[in-house]
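> So I've got this file, query_13.cif, and it contains mmCIF, C-alpha atoms (C1' of nucleotides):
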data_model
#
loop_
_atom_site.label_atom_id
_atom_site.label_comp_id
_atom_site.auth_asym_id
_atom_site.auth_seq_id
_atom_site.Cartn_x
_atom_site.Cartn_y
_atom_site.Cartn_z
CA MET A 1 3.45 -6.32 -8.96
CA VAL A 2 6.81 -8.00 -9.32
CA LYS A 3 9.97 -8.23 -7.41
CA ARG A 4 9.00 -8.34 -3.81
CA VAL A 5 8.10 -11.42 -1.88
CA SER A 6 5.01 -12.59 -3.73
CA LEU A 7 1.92 -12.70 -1.56
CA TRP A 8 -0.01 -14.59 -4.24
CA ASN A 9 0.45 -18.11 -2.99
CA ALA A 10 -0.94 -17.32 0.36
CA GLY A 11 -4.44 -18.77 -0.04
CA CYS A 12 -5.48 -15.64 1.79
CA PRO A 13 -7.64 -13.13 -0.08
CA VAL A 14 -6.20 -10.19 1.87
CA ALA A 15 -2.69 -11.15 0.85
CA ARG A 16 -3.65 -11.59 -2.80
CA SER A 17 -5.36 -8.23 -2.83
CA LEU A 18 -2.26 -6.59 -1.40
CA ASP A 19 -0.11 -8.41 -3.93
CA ALA A 20 -2.11 -6.59 -6.61
CA ILE A 21 -2.54 -3.16 -5.05
CA GLY A 22 -0.33 -3.04 -1.98
CA ASP A 23 2.42 -0.78 -3.30
CA TRP A 24 2.68 2.82 -2.15
CA TRP A 25 0.71 4.43 -4.98
CA SER A 26 -1.95 2.12 -6.39
CA LEU A 27 -4.79 2.78 -3.97
CA LEU A 28 -4.29 6.52 -4.34
CA ILE A 29 -4.48 6.23 -8.10
CA ILE A 30 -7.64 4.13 -7.73
CA ARG A 31 -9.08 6.73 -5.32
CA ASP A 32 -8.50 9.44 -7.90
CA ALA A 33 -10.22 7.35 -10.54
CA PHE A 34 -13.26 7.07 -8.26
CA ASP A 35 -13.09 10.87 -7.89
CA GLY A 36 -13.43 11.20 -11.64
CA LYS A 37 -9.88 11.54 -12.92
CA ARG A 38 -9.26 9.85 -16.26
CA ARG A 39 -6.29 11.43 -18.01
CA PHE A 40 -2.63 10.70 -17.37
CA GLY A 41 -1.97 14.34 -16.62
CA GLU A 42 -4.92 14.57 -14.23
CA PHE A 43 -3.64 11.67 -12.14
CA GLN A 44 -0.16 13.11 -12.17
CA ASN A 45 -1.12 16.65 -11.23
CA GLY A 46 -3.54 15.51 -8.54
CA LEU A 47 -1.10 13.12 -6.91
CA GLY A 48 2.20 14.88 -7.37
CA ILE A 49 3.65 11.53 -8.39
CA SER A 50 6.58 11.14 -10.73
CA LYS A 51 5.53 10.39 -14.27
CA GLY A 52 7.73 7.32 -14.45
CA VAL A 53 6.08 5.73 -11.42
CA LEU A 54 2.58 6.68 -12.56
CA SER A 55 3.21 5.19 -15.97
CA THR A 56 4.45 1.92 -14.48
CA ARG A 57 1.56 1.67 -12.03
CA LEU A 58 -1.11 2.45 -14.58
CA ARG A 59 0.37 -0.14 -16.90
CA ASP A 60 0.41 -2.78 -14.17
CA LEU A 61 -3.09 -1.98 -12.95
CA THR A 62 -4.34 -2.13 -16.54
CA LYS A 63 -2.64 -5.49 -17.00
CA ARG A 64 -4.35 -6.76 -13.86
CA GLY A 65 -7.74 -5.78 -15.18
CA ILE A 66 -8.35 -3.00 -12.68
CA PHE A 67 -8.14 -0.21 -15.28
CA GLU A 68 -8.81 -0.15 -19.00
CA THR A 69 -7.99 2.55 -21.52
CA VAL A 70 -10.70 4.09 -23.65
CA PRO A 71 -10.72 6.86 -26.23
CA ALA A 72 -10.68 10.30 -24.60
CA SER A 73 -14.11 11.60 -23.75
CA ASP A 74 -13.42 14.97 -25.42
CA GLY A 75 -12.96 13.38 -28.84
CA SER A 76 -9.24 14.02 -28.99
CA ALA A 77 -6.73 11.39 -30.08
CA TYR A 78 -5.66 10.65 -26.50
CA ARG A 79 -6.78 7.78 -24.32
CA GLU A 80 -8.15 7.78 -20.83
CA TYR A 81 -7.93 5.35 -17.90
CA VAL A 82 -11.20 4.12 -16.43
CA LEU A 83 -11.92 1.54 -13.76
CA THR A 84 -13.27 -1.82 -14.89
CA PRO A 85 -15.96 -3.56 -12.84
CA LYS A 86 -13.10 -5.34 -11.10
CA GLY A 87 -11.57 -1.95 -10.30
CA ARG A 88 -14.90 -0.57 -9.16
CA GLY A 89 -15.15 -3.53 -6.79
CA LEU A 90 -12.52 -1.73 -4.72
CA PHE A 91 -14.99 0.95 -3.68
CA PRO A 92 -15.61 -0.56 -0.22
CA VAL A 93 -11.83 -0.67 0.35
CA ILE A 94 -11.53 3.04 -0.41
CA VAL A 95 -14.57 3.84 1.74
CA ALA A 96 -13.20 1.79 4.63
CA LEU A 97 -9.85 3.59 4.43
CA ARG A 98 -11.65 6.93 4.30
CA GLN A 99 -13.78 6.18 7.35
CA TRP A 100 -10.84 4.95 9.41
CA GLY A 101 -8.94 8.08 8.53
CA GLU A 102 -11.92 10.25 9.45
CA ASP A 103 -12.27 8.52 12.81
CA TYR A 104 -8.68 8.46 13.88
CA LEU A 105 -6.45 10.75 11.87
CA PHE A 106 -8.24 14.09 11.95
CA THR A 107 -8.83 16.26 14.96
CA ASP A 108 -12.29 17.61 15.65
CA GLY A 109 -12.98 20.58 13.43
CA GLU A 110 -10.03 19.95 11.14
CA ALA A 111 -10.88 20.55 7.49
CA ARG A 112 -11.23 17.41 5.38
CA SER A 113 -13.17 16.09 2.46
CA SER A 114 -16.37 14.04 2.88
CA LEU A 115 -18.04 11.28 0.94
CA VAL A 116 -21.71 12.05 0.45
CA ASP A 117 -24.76 10.55 -1.20
CA ARG A 118 -25.34 12.55 -4.40
CA ASP A 119 -29.09 12.69 -3.89
CA LYS A 120 -29.44 13.72 -0.30
CA ARG A 121 -26.04 15.32 0.22
CA ALA A 122 -25.76 13.44 3.51
CA PRO A 123 -22.57 11.64 4.50
CA VAL A 124 -22.48 8.00 3.57
CA ALA A 125 -23.23 5.65 6.50
CA ARG A 126 -20.46 3.94 8.41
CA LEU A 127 -19.49 0.58 6.97
CA GLU A 128 -20.51 -2.28 9.25
CA VAL A 129 -19.26 -5.82 9.28
CA LYS A 130 -22.33 -8.06 9.64
CA SER A 131 -23.14 -11.72 9.93
CA ALA A 132 -25.13 -13.50 7.21
CA ASP A 133 -28.29 -13.02 9.24
CA GLY A 134 -27.71 -9.33 9.83
CA ARG A 135 -26.07 -9.06 13.24
CA SER A 136 -23.36 -6.45 13.61
CA LEU A 137 -19.98 -8.05 14.28
CA VAL A 138 -16.79 -6.84 15.88
CA TRP A 139 -13.57 -8.58 14.96
CA SER A 140 -13.63 -10.86 17.99
CA ASP A 141 -16.98 -12.24 16.84
CA THR A 142 -15.25 -13.53 13.71
CA GLN A 143 -12.67 -16.13 12.82
CA VAL A 144 -10.59 -17.01 9.79
CA THR A 145 -10.99 -20.63 8.73
CA GLY A 146 -9.29 -22.79 6.12
CA MET B 1 6.07 6.69 7.84
CA VAL B 2 8.84 8.95 6.62
CA LYS B 3 10.75 9.46 3.48
CA ARG B 4 8.30 9.29 0.69
CA VAL B 5 6.13 12.12 -0.46
CA SER B 6 3.99 12.71 2.62
CA LEU B 7 0.30 12.19 2.01
CA TRP B 8 -0.58 13.78 5.35
CA ASN B 9 -1.38 17.30 4.17
CA ALA B 10 -3.91 16.13 1.74
CA GLY B 11 -7.11 16.90 3.66
CA CYS B 12 -8.25 13.56 2.31
CA PRO B 13 -8.87 10.76 4.83
CA VAL B 14 -7.90 8.08 2.32
CA ALA B 15 -4.54 9.72 1.77
CA ARG B 16 -3.89 10.13 5.47
CA SER B 17 -4.75 6.52 6.11
CA LEU B 18 -2.33 5.43 3.41
CA ASP B 19 0.32 7.72 4.84
CA ALA B 20 0.06 5.68 8.03
CA ILE B 21 -0.37 2.15 6.64
CA GLY B 22 0.27 2.34 2.94
CA ASP B 23 3.69 0.68 2.82
CA TRP B 24 4.09 -2.86 1.52
CA TRP B 25 3.87 -4.71 4.84
CA SER B 26 1.71 -2.86 7.36
CA LEU B 27 -1.72 -4.15 6.40
CA LEU B 28 -0.43 -7.72 6.37
CA ILE B 29 0.99 -7.30 9.84
CA ILE B 30 -2.36 -5.84 10.97
CA ARG B 31 -4.19 -8.76 9.31
CA ASP B 32 -2.04 -11.20 11.27
CA ALA B 33 -2.79 -9.35 14.49
CA PHE B 34 -6.51 -9.76 13.77
CA ASP B 35 -5.81 -13.46 13.24
CA GLY B 36 -4.42 -13.65 16.75
CA LYS B 37 -0.68 -13.29 16.32
CA ARG B 38 1.02 -11.37 19.12
CA ARG B 39 4.70 -12.28 19.31
CA PHE B 40 7.49 -10.90 17.16
CA GLY B 41 8.41 -14.39 16.02
CA GLU B 42 4.81 -15.29 15.17
CA PHE B 43 4.48 -12.29 12.85
CA GLN B 44 7.82 -13.04 11.30
CA ASN B 45 7.23 -16.74 10.73
CA GLY B 46 3.71 -16.20 9.42
CA LEU B 47 4.70 -13.48 6.97
CA GLY B 48 8.16 -14.56 5.89
CA ILE B 49 9.25 -10.97 6.29
CA SER B 50 12.77 -9.92 7.15
CA LYS B 51 13.23 -9.25 10.82
CA GLY B 52 14.69 -5.81 10.13
CA VAL B 53 11.61 -4.68 8.21
CA LEU B 54 9.22 -6.22 10.74
CA SER B 55 11.00 -4.49 13.58
CA THR B 56 10.84 -1.13 11.84
CA ARG B 57 7.18 -1.53 10.93
CA LEU B 58 6.08 -2.68 14.37
CA ARG B 59 7.92 0.24 15.92
CA ASP B 60 6.27 2.72 13.55
CA LEU B 61 2.80 1.23 13.95
CA THR B 62 3.23 1.30 17.72
CA LYS B 63 4.31 4.94 17.55
CA ARG B 64 1.19 5.74 15.54
CA GLY B 65 -1.03 4.18 18.16
CA ILE B 66 -2.15 1.24 16.05
CA PHE B 67 -0.31 -1.34 18.17
CA GLU B 68 0.73 -1.33 21.81
CA THR B 69 3.08 -3.70 23.58
CA VAL B 70 1.92 -5.65 26.62
CA PRO B 71 3.59 -8.23 28.84
CA ALA B 72 3.57 -11.65 27.21
CA SER B 73 0.44 -13.66 27.94
CA ASP B 74 2.45 -16.71 28.97
CA GLY B 75 4.07 -14.90 31.89
CA SER B 76 7.53 -14.78 30.36
CA ALA B 77 9.68 -11.68 30.33
CA TYR B 78 8.85 -10.92 26.72
CA ARG B 79 6.34 -8.45 25.37
CA GLU B 80 3.62 -8.89 22.81
CA TYR B 81 2.09 -6.64 20.19
CA VAL B 82 -1.66 -6.10 20.34
CA LEU B 83 -3.97 -3.83 18.36
CA THR B 84 -5.30 -0.75 20.10
CA PRO B 85 -8.89 0.37 19.51
CA LYS B 86 -7.45 2.57 16.77
CA GLY B 87 -5.82 -0.48 15.25
CA ARG B 88 -8.99 -2.53 15.62
CA GLY B 89 -10.79 0.25 13.74
CA LEU B 90 -9.05 -1.11 10.64
CA PHE B 91 -11.17 -4.27 10.66
CA PRO B 92 -13.50 -3.04 7.87
CA VAL B 93 -10.44 -2.25 5.72
CA ILE B 94 -9.14 -5.80 6.12
CA VAL B 95 -12.62 -7.25 5.46
CA ALA B 96 -13.04 -5.11 2.35
CA LEU B 97 -9.68 -6.23 1.00
CA ARG B 98 -10.59 -9.86 1.77
CA GLN B 99 -13.91 -9.64 -0.01
CA TRP B 100 -12.45 -7.96 -3.08
CA GLY B 101 -9.81 -10.64 -3.25
CA GLU B 102 -12.42 -13.40 -2.88
CA ASP B 103 -14.53 -11.90 -5.67
CA TYR B 104 -11.82 -11.20 -8.21
CA LEU B 105 -8.57 -12.98 -7.45
CA PHE B 106 -9.57 -16.58 -6.87
CA THR B 107 -10.99 -18.96 -9.41
CA ASP B 108 -14.09 -20.96 -8.58
CA GLY B 109 -13.18 -23.89 -6.40
CA GLU B 110 -9.71 -22.62 -5.60
CA ALA B 111 -8.77 -23.21 -1.97
CA ARG B 112 -8.72 -20.11 0.18
CA SER B 113 -9.41 -19.03 3.72
CA SER B 114 -12.79 -17.64 4.81
CA LEU B 115 -13.94 -15.15 7.40
CA VAL B 116 -16.82 -16.59 9.40
CA ASP B 117 -19.08 -15.60 12.25
CA ARG B 118 -17.83 -17.54 15.31
CA ASP B 119 -21.35 -18.40 16.47
CA LYS B 120 -23.01 -19.61 13.35
CA ARG B 121 -19.94 -20.57 11.33
CA ALA B 122 -21.45 -18.81 8.34
CA PRO B 123 -19.40 -16.50 6.14
CA VAL B 124 -19.60 -12.87 7.09
CA ALA B 125 -21.97 -10.85 4.88
CA ARG B 126 -20.69 -8.73 2.02
CA LEU B 127 -19.82 -5.18 3.05
CA GLU B 128 -22.25 -2.67 1.59
CA VAL B 129 -21.81 1.05 1.16
CA LYS B 130 -25.08 2.64 2.24
CA SER B 131 -26.62 6.08 2.51
CA ALA B 132 -27.50 7.57 5.87
CA ASP B 133 -31.10 6.42 5.39
CA GLY B 134 -30.14 2.88 4.45
CA ARG B 135 -30.15 2.78 0.66
CA SER B 136 -27.42 0.71 -0.94
CA LEU B 137 -25.02 2.88 -2.93
CA VAL B 138 -22.69 2.22 -5.82
CA TRP B 139 -19.76 4.55 -6.29
CA SER B 140 -21.56 6.66 -8.90
CA ASP B 141 -24.27 7.45 -6.33
CA THR B 142 -21.62 9.17 -4.24
CA GLN B 143 -19.44 12.24 -4.43
CA VAL B 144 -16.46 13.63 -2.55
CA THR B 145 -17.03 17.14 -1.29
CA GLY B 146 -14.80 19.66 0.44
"C1'" DG C 1 25.55 -24.88 32.77
"C1'" DA C 2 25.25 -25.67 27.83
"C1'" DA C 3 22.13 -25.44 24.15
"C1'" DT C 4 18.47 -23.33 22.12
"C1'" DC C 5 15.08 -19.79 21.57
"C1'" DT C 6 13.74 -14.97 21.28
"C1'" DG C 7 13.69 -10.39 19.86
"C1'" DG C 8 15.90 -7.72 17.99
"C1'" DT C 9 20.28 -4.83 15.38
"C1'" DT C 10 23.33 -4.24 11.61
"C1'" DC C 11 25.00 -4.96 7.14
"C1'" DT C 12 24.97 -5.52 1.86
"C1'" DA C 13 22.35 -6.06 -2.46
"C1'" DT C 14 18.28 -5.21 -5.14
"C1'" DC C 15 13.98 -3.08 -6.08
"C1'" DT C 16 10.72 1.17 -5.75
"C1'" DT C 17 10.17 5.82 -5.64
"C1'" DA C 18 11.67 10.94 -6.33
"C1'" DG C 19 12.71 14.15 -9.53
"C1'" DA C 20 14.34 15.87 -13.68
"C1'" DA C 21 15.50 15.81 -18.53
"C1'" DC C 22 14.15 14.23 -22.90
"C1'" DT C 23 10.97 12.92 -26.89
"C1'" DG C 24 7.55 12.74 -30.40
"C1'" DG C 25 2.73 13.29 -31.43
"C1'" DA C 26 -1.46 16.25 -30.68
"C1'" DT C 27 -3.47 20.50 -30.11
"C1'" DT C 28 -3.68 25.47 -29.82
"C1'" DT C 29 -2.60 30.03 -31.24
"C1'" DG C 30 -1.31 33.99 -33.86
"C1'" DC D 1 0.06 27.14 -41.77
"C1'" DA D 2 4.07 27.24 -38.79
"C1'" DA D 3 5.54 28.07 -34.17
"C1'" DA D 4 4.46 27.38 -29.52
"C1'" DT D 5 2.54 24.73 -26.14
"C1'" DC D 6 0.45 20.69 -24.26
"C1'" DC D 7 0.24 15.79 -23.57
"C1'" DA D 8 1.62 11.20 -22.55
"C1'" DG D 9 4.81 9.06 -21.89
"C1'" DT D 10 10.36 7.20 -21.65
"C1'" DT D 11 14.80 7.33 -19.67
"C1'" DC D 12 18.15 8.47 -16.40
"C1'" DT D 13 20.41 9.19 -11.65
"C1'" DA D 14 20.00 9.34 -6.64
"C1'" DA D 15 17.80 8.16 -2.36
"C1'" DG D 16 14.80 5.27 0.34
"C1'" DA D 17 12.32 0.55 1.25
"C1'" DT D 18 12.72 -4.18 1.23
"C1'" DA D 19 15.25 -8.93 1.02
"C1'" DG D 20 18.14 -11.78 3.24
"C1'" DA D 21 21.77 -13.02 6.13
"C1'" DA D 22 24.96 -12.52 9.92
"C1'" DC D 23 25.45 -11.09 14.49
"C1'" DC D 24 24.22 -10.42 19.46
"C1'" DA D 25 22.63 -10.48 24.21
"C1'" DG D 26 19.04 -11.83 27.27
"C1'" DA D 27 15.53 -15.51 28.30
"C1'" DT D 28 14.22 -20.10 28.46
"C1'" DT D 29 14.76 -25.08 28.19
"C1'" DC D 30 16.92 -29.46 28.95
#
What do you get writing this file as structure tokens?

Amino acid sequence: MVKRVSLWNAGCPVARSLDAIGDWWSLLIIRDAFDGKRRFGEFQNGLGISKGVLSTRLRDLTKRGIFETVPASDGSAYREYVLTPKGRGLFPVIVALRQWGEDYLFTDGEARSSLVDRDKRAPVARLEVKSADGRSLVWSDTQVTG
Amino acid sequence: MVKRVSLWNAGCPVARSLDAIGDWWSLLIIRDAFDGKRRFGEFQNGLGISKGVLSTRLRDLTKRGIFETVPASDGSAYREYVLTPKGRGLFPVIVALRQWGEDYLFTDGEARSSLVDRDKRAPVARLEVKSADGRSLVWSDTQVTG
DNA sequence: GAATCTGGTTCTATCTTAGAACTGGATTTG
DNA sequence: CAAATCCAGTTCTAAGATAGAACCAGATTC
């Protein structure tokens, strides 16, 4: 990500993460990759994003090591975009965003998608922030140091 | 959040969350609120953000119920911005971003801040995505339905 | 009471996104 | 096998978001 105030020098991991993926579209593209999309046209159709923006974002995310391109899985001459391990490391971020949205942005009974465990078909458990020895923590139990 | 393609109608909690907080600055403002900042000037000095953008963002986040304004804690005539329970619900999102950044965006030994448990001073545990019955899940163990 | 601080508002310039047209290679179809 | 269509982009213009500075009025400090 260029241009804007750089958040890189912050010494804060949150700021560095947002420097990499904090534009309007990147996390949605990453979400779609987790949902199985791989082809340029799949991302574009699913998101309703302009092709120019998608192209720029995919290029940047690939440069940052979040995506890589591989030969298309159907044997055609095209290439597909898949998440690297670094990209897959963003799964808790996507889950956290999903759960916050579920809690606060949908009314009871409103139709929405769910994230489930493939085996049991049960919704994934709520994410919990915990201490090293397993206690559940709310934000006021924590502190940023350094 | 106005203007851009609205992500609200998506039926996807991730998209709705990003509709609310997916601009360049909101999560950083929210991070600073978790770090204890309350005053307009504190946010502005800490972030190095233009006052016009900060003003617009704080107003929008307040309208969305993520922040509320309260009388200043020092008894002056000013007001302060504090997170609502809805805003505090974003703590796992901030922690997830922090942990991804720690894992992938800092080199070994590079100085950075840490999130610790106030009591024990130990770093907070890694977030884990789990099934309803407690198994640890990677993204390929999960599926979006609906 | 003057100086300074505070929390904005307003303005211009630059970057990001929206949307459409264009392009050349790949694939499909008749 | 050639024409039609699909695919993955590139390029362009217009509108919105951000960067940065100037301005302003009320609050606070000295």
> So that all listed atoms of range 87-100 of chain B fit with 5 Å spare on each side, what axis-aligned box centre and edge lengths in Å, to one decimal, would you give as JSON?

{"center_x": -9.9, "center_y": -4.8, "center_z": 6.3, "size_x": 18.1, "size_y": 20.1, "size_z": 28.7}
> Please enumerate the residues selected by the PyMOL selection byres ((chain A) within 10 of (chain C)) when evaluated against the supplied file, formatted as a ChimeraX atom specification.
/A:2-4,23-25,49-53,76-78
> What does the PyMOL selection byres ((chain B and resi 17) around 9) select in this file, as a list in words?
Leu97, Arg98, Trp100, Gly101, Glu102, Tyr104 and Leu105 of chain A; Leu7, Trp8, Cys12, Pro13, Val14, Ala15, Arg16, Leu18, Asp19, Ala20, Ile21 and Gly22 of chain B
> Please identify every residue of chain D that has at least one atom no more than 7 Å from any atom of chain B, counting all atoms listed in the file, and report them as a list of chain:residue names.
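Going by the stated atoms only, the list reads D:DG16, D:DA19, D:DG20.
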> Please superimpose chain B on chain A using every C-alpha atom, paired by order, in a least-squares fit, and write the moved chain as a compact mmCIF listing (two decimals) with C-alpha atoms, in the frame of the given file.

# COMPACT_ATOMS: atom_id res chain seq x y z
CA MET B 1 3.44 -6.46 -9.12
CA VAL B 2 6.83 -8.11 -9.33
CA LYS B 3 9.98 -8.12 -7.36
CA ARG B 4 9.01 -8.29 -3.78
CA VAL B 5 8.12 -11.42 -1.92
CA SER B 6 5.01 -12.53 -3.78
CA LEU B 7 1.92 -12.68 -1.61
CA TRP B 8 -0.01 -14.55 -4.30
CA ASN B 9 0.45 -18.10 -3.04
CA ALA B 10 -0.93 -17.32 0.30
CA GLY B 11 -4.44 -18.76 -0.07
CA CYS B 12 -5.48 -15.63 1.79
CA PRO B 13 -7.65 -13.11 -0.08
CA VAL B 14 -6.20 -10.19 1.87
CA ALA B 15 -2.69 -11.15 0.83
CA ARG B 16 -3.66 -11.59 -2.80
CA SER B 17 -5.36 -8.23 -2.84
CA LEU B 18 -2.26 -6.60 -1.42
CA ASP B 19 -0.12 -8.41 -3.96
CA ALA B 20 -2.12 -6.59 -6.63
CA ILE B 21 -2.55 -3.15 -5.04
CA GLY B 22 -0.34 -3.06 -2.00
CA ASP B 23 2.42 -0.79 -3.31
CA TRP B 24 2.68 2.82 -2.16
CA TRP B 25 0.69 4.45 -4.97
CA SER B 26 -1.96 2.13 -6.37
CA LEU B 27 -4.80 2.79 -3.96
CA LEU B 28 -4.32 6.54 -4.34
CA ILE B 29 -4.50 6.24 -8.09
CA ILE B 30 -7.67 4.14 -7.71
CA ARG B 31 -9.10 6.74 -5.30
CA ASP B 32 -8.52 9.45 -7.89
CA ALA B 33 -10.24 7.36 -10.54
CA PHE B 34 -13.28 7.10 -8.25
CA ASP B 35 -13.12 10.88 -7.92
CA GLY B 36 -13.46 11.18 -11.67
CA LYS B 37 -9.91 11.54 -12.93
CA ARG B 38 -9.28 9.85 -16.27
CA ARG B 39 -6.29 11.42 -18.01
CA PHE B 40 -2.64 10.68 -17.35
CA GLY B 41 -1.98 14.32 -16.57
CA GLU B 42 -4.95 14.57 -14.20
CA PHE B 43 -3.67 11.67 -12.10
CA GLN B 44 -0.19 13.09 -12.13
CA ASN B 45 -1.15 16.64 -11.20
CA GLY B 46 -3.58 15.51 -8.51
CA LEU B 47 -1.13 13.12 -6.86
CA GLY B 48 2.18 14.87 -7.35
CA ILE B 49 3.64 11.54 -8.34
CA SER B 50 6.56 11.12 -10.69
CA LYS B 51 5.49 10.40 -14.22
CA GLY B 52 7.71 7.32 -14.39
CA VAL B 53 6.05 5.72 -11.37
CA LEU B 54 2.55 6.68 -12.53
CA SER B 55 3.21 5.19 -15.94
CA THR B 56 4.45 1.94 -14.45
CA ARG B 57 1.55 1.69 -12.02
CA LEU B 58 -1.13 2.47 -14.59
CA ARG B 59 0.35 -0.12 -16.91
CA ASP B 60 0.39 -2.77 -14.17
CA LEU B 61 -3.11 -1.97 -12.95
CA THR B 62 -4.36 -2.11 -16.53
CA LYS B 63 -2.66 -5.48 -17.01
CA ARG B 64 -4.39 -6.76 -13.88
CA GLY B 65 -7.77 -5.75 -15.20
CA ILE B 66 -8.39 -2.99 -12.68
CA PHE B 67 -8.17 -0.20 -15.28
CA GLU B 68 -8.84 -0.17 -19.00
CA THR B 69 -7.98 2.52 -21.51
CA VAL B 70 -10.69 4.09 -23.66
CA PRO B 71 -10.66 6.84 -26.27
CA ALA B 72 -10.61 10.26 -24.64
CA SER B 73 -14.06 11.62 -23.85
CA ASP B 74 -13.30 14.94 -25.52
CA GLY B 75 -12.81 13.34 -28.93
CA SER B 76 -9.07 13.93 -29.06
CA ALA B 77 -6.59 11.29 -30.11
CA TYR B 78 -5.61 10.55 -26.53
CA ARG B 79 -6.77 7.71 -24.34
CA GLU B 80 -8.13 7.75 -20.83
CA TYR B 81 -7.92 5.36 -17.91
CA VAL B 82 -11.19 4.13 -16.43
CA LEU B 83 -11.94 1.55 -13.74
CA THR B 84 -13.29 -1.79 -14.86
CA PRO B 85 -15.99 -3.53 -12.82
CA LYS B 86 -13.12 -5.31 -11.08
CA GLY B 87 -11.59 -1.95 -10.29
CA ARG B 88 -14.92 -0.54 -9.15
CA GLY B 89 -15.17 -3.53 -6.80
CA LEU B 90 -12.54 -1.73 -4.71
CA PHE B 91 -15.01 0.97 -3.67
CA PRO B 92 -15.61 -0.55 -0.20
CA VAL B 93 -11.83 -0.67 0.37
CA ILE B 94 -11.52 3.04 -0.40
CA VAL B 95 -14.57 3.85 1.77
CA ALA B 96 -13.19 1.80 4.66
CA LEU B 97 -9.85 3.58 4.46
CA ARG B 98 -11.66 6.94 4.32
CA GLN B 99 -13.77 6.18 7.36
CA TRP B 100 -10.83 4.94 9.41
CA GLY B 101 -8.93 8.07 8.53
CA GLU B 102 -11.90 10.27 9.45
CA ASP B 103 -12.27 8.53 12.81
CA TYR B 104 -8.64 8.45 13.89
CA LEU B 105 -6.44 10.77 11.87
CA PHE B 106 -8.25 14.10 11.94
CA THR B 107 -8.83 16.28 14.94
CA ASP B 108 -12.30 17.63 15.63
CA GLY B 109 -12.99 20.58 13.41
CA GLU B 110 -10.05 19.95 11.12
CA ALA B 111 -10.91 20.55 7.47
CA ARG B 112 -11.23 17.42 5.38
CA SER B 113 -13.18 16.08 2.45
CA SER B 114 -16.37 14.04 2.88
CA LEU B 115 -18.05 11.27 0.95
CA VAL B 116 -21.72 12.07 0.47
CA ASP B 117 -24.77 10.55 -1.15
CA ARG B 118 -25.36 12.56 -4.37
CA ASP B 119 -29.13 12.70 -3.84
CA LYS B 120 -29.46 13.71 -0.26
CA ARG B 121 -26.05 15.31 0.26
CA ALA B 122 -25.75 13.43 3.53
CA PRO B 123 -22.56 11.64 4.52
CA VAL B 124 -22.47 7.99 3.59
CA ALA B 125 -23.22 5.66 6.52
CA ARG B 126 -20.45 3.94 8.44
CA LEU B 127 -19.48 0.58 6.98
CA GLU B 128 -20.51 -2.28 9.24
CA VAL B 129 -19.25 -5.83 9.28
CA LYS B 130 -22.30 -8.04 9.66
CA SER B 131 -23.14 -11.72 9.94
CA ALA B 132 -25.10 -13.49 7.23
CA ASP B 133 -28.27 -13.01 9.28
CA GLY B 134 -27.68 -9.32 9.87
CA ARG B 135 -26.05 -9.06 13.28
CA SER B 136 -23.34 -6.45 13.62
CA LEU B 137 -19.95 -8.05 14.27
CA VAL B 138 -16.76 -6.85 15.88
CA TRP B 139 -13.55 -8.57 14.93
CA SER B 140 -13.60 -10.86 17.97
CA ASP B 141 -16.96 -12.25 16.80
CA THR B 142 -15.22 -13.54 13.69
CA GLN B 143 -12.65 -16.13 12.78
CA VAL B 144 -10.58 -17.02 9.73
CA THR B 145 -10.98 -20.63 8.69
CA GLY B 146 -9.30 -22.76 6.06
> I need the residue nearest chain A from this list: B:Asp60, B:Glu42, B:Asp108, B:Asp35. Use only C-alpha atoms for the distance.
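Distance minimum relative to chain A lands on B:Asp35.
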> Work out how far CA of Ala10 in chain A is from CA of Asp74 in chain B, in Å to one decimal.
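So the answer is 28.8 Å.
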> Extract, using all atoms listed in the file, all DNA, RNA and protein residues at most 12 Å from Gly36 in chain B, discarding same-chain residues fewer than 6 positions from it, and format them as a ChimeraX atom specification.
/A:139-140,142-144 /B:29-30,42-43,46,80-83
> With all atoms listed in the file as the basis for distance, which of A:Gly87, A:Gly109, A:Gly146, A:Pro92 is at the shortest distance from Ala33 in chain A?
A:Gly87
> Check the smallest atom-to-atom distance from each of A:Arg126, A:Ala72, A:Arg39, A:Gly11 to chain B using only C-alpha atoms, then report the winner.
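The shortest atom-to-atom distance to chain B comes from A:Gly11.
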> Some atoms are absent from range 102-107 of chain A, so rebuild N, CA and C atoms and return them as a CSV table (one decimal), in the frame of the given file.

chain,number,residue,atom,x,y,z
A,102,GLU,N,-11.0,9.3,8.8
A,102,GLU,CA,-11.9,10.2,9.4
A,102,GLU,C,-12.0,10.1,11.0
A,103,ASP,N,-12.1,8.8,11.4
A,103,ASP,CA,-12.3,8.5,12.8
A,103,ASP,C,-11.0,8.8,13.6
A,104,TYR,N,-9.9,8.5,13.1
A,104,TYR,CA,-8.7,8.5,13.9
A,104,TYR,C,-7.5,9.4,13.5
A,105,LEU,N,-7.6,10.0,12.3
A,105,LEU,CA,-6.4,10.8,11.9
A,105,LEU,C,-6.7,12.2,11.7
A,106,PHE,N,-7.9,12.7,12.0
A,106,PHE,CA,-8.2,14.1,12.0
A,106,PHE,C,-8.7,14.5,13.3
A,107,THR,N,-8.3,15.7,13.7
A,107,THR,CA,-8.8,16.3,15.0
A,107,THR,C,-10.2,16.9,14.7
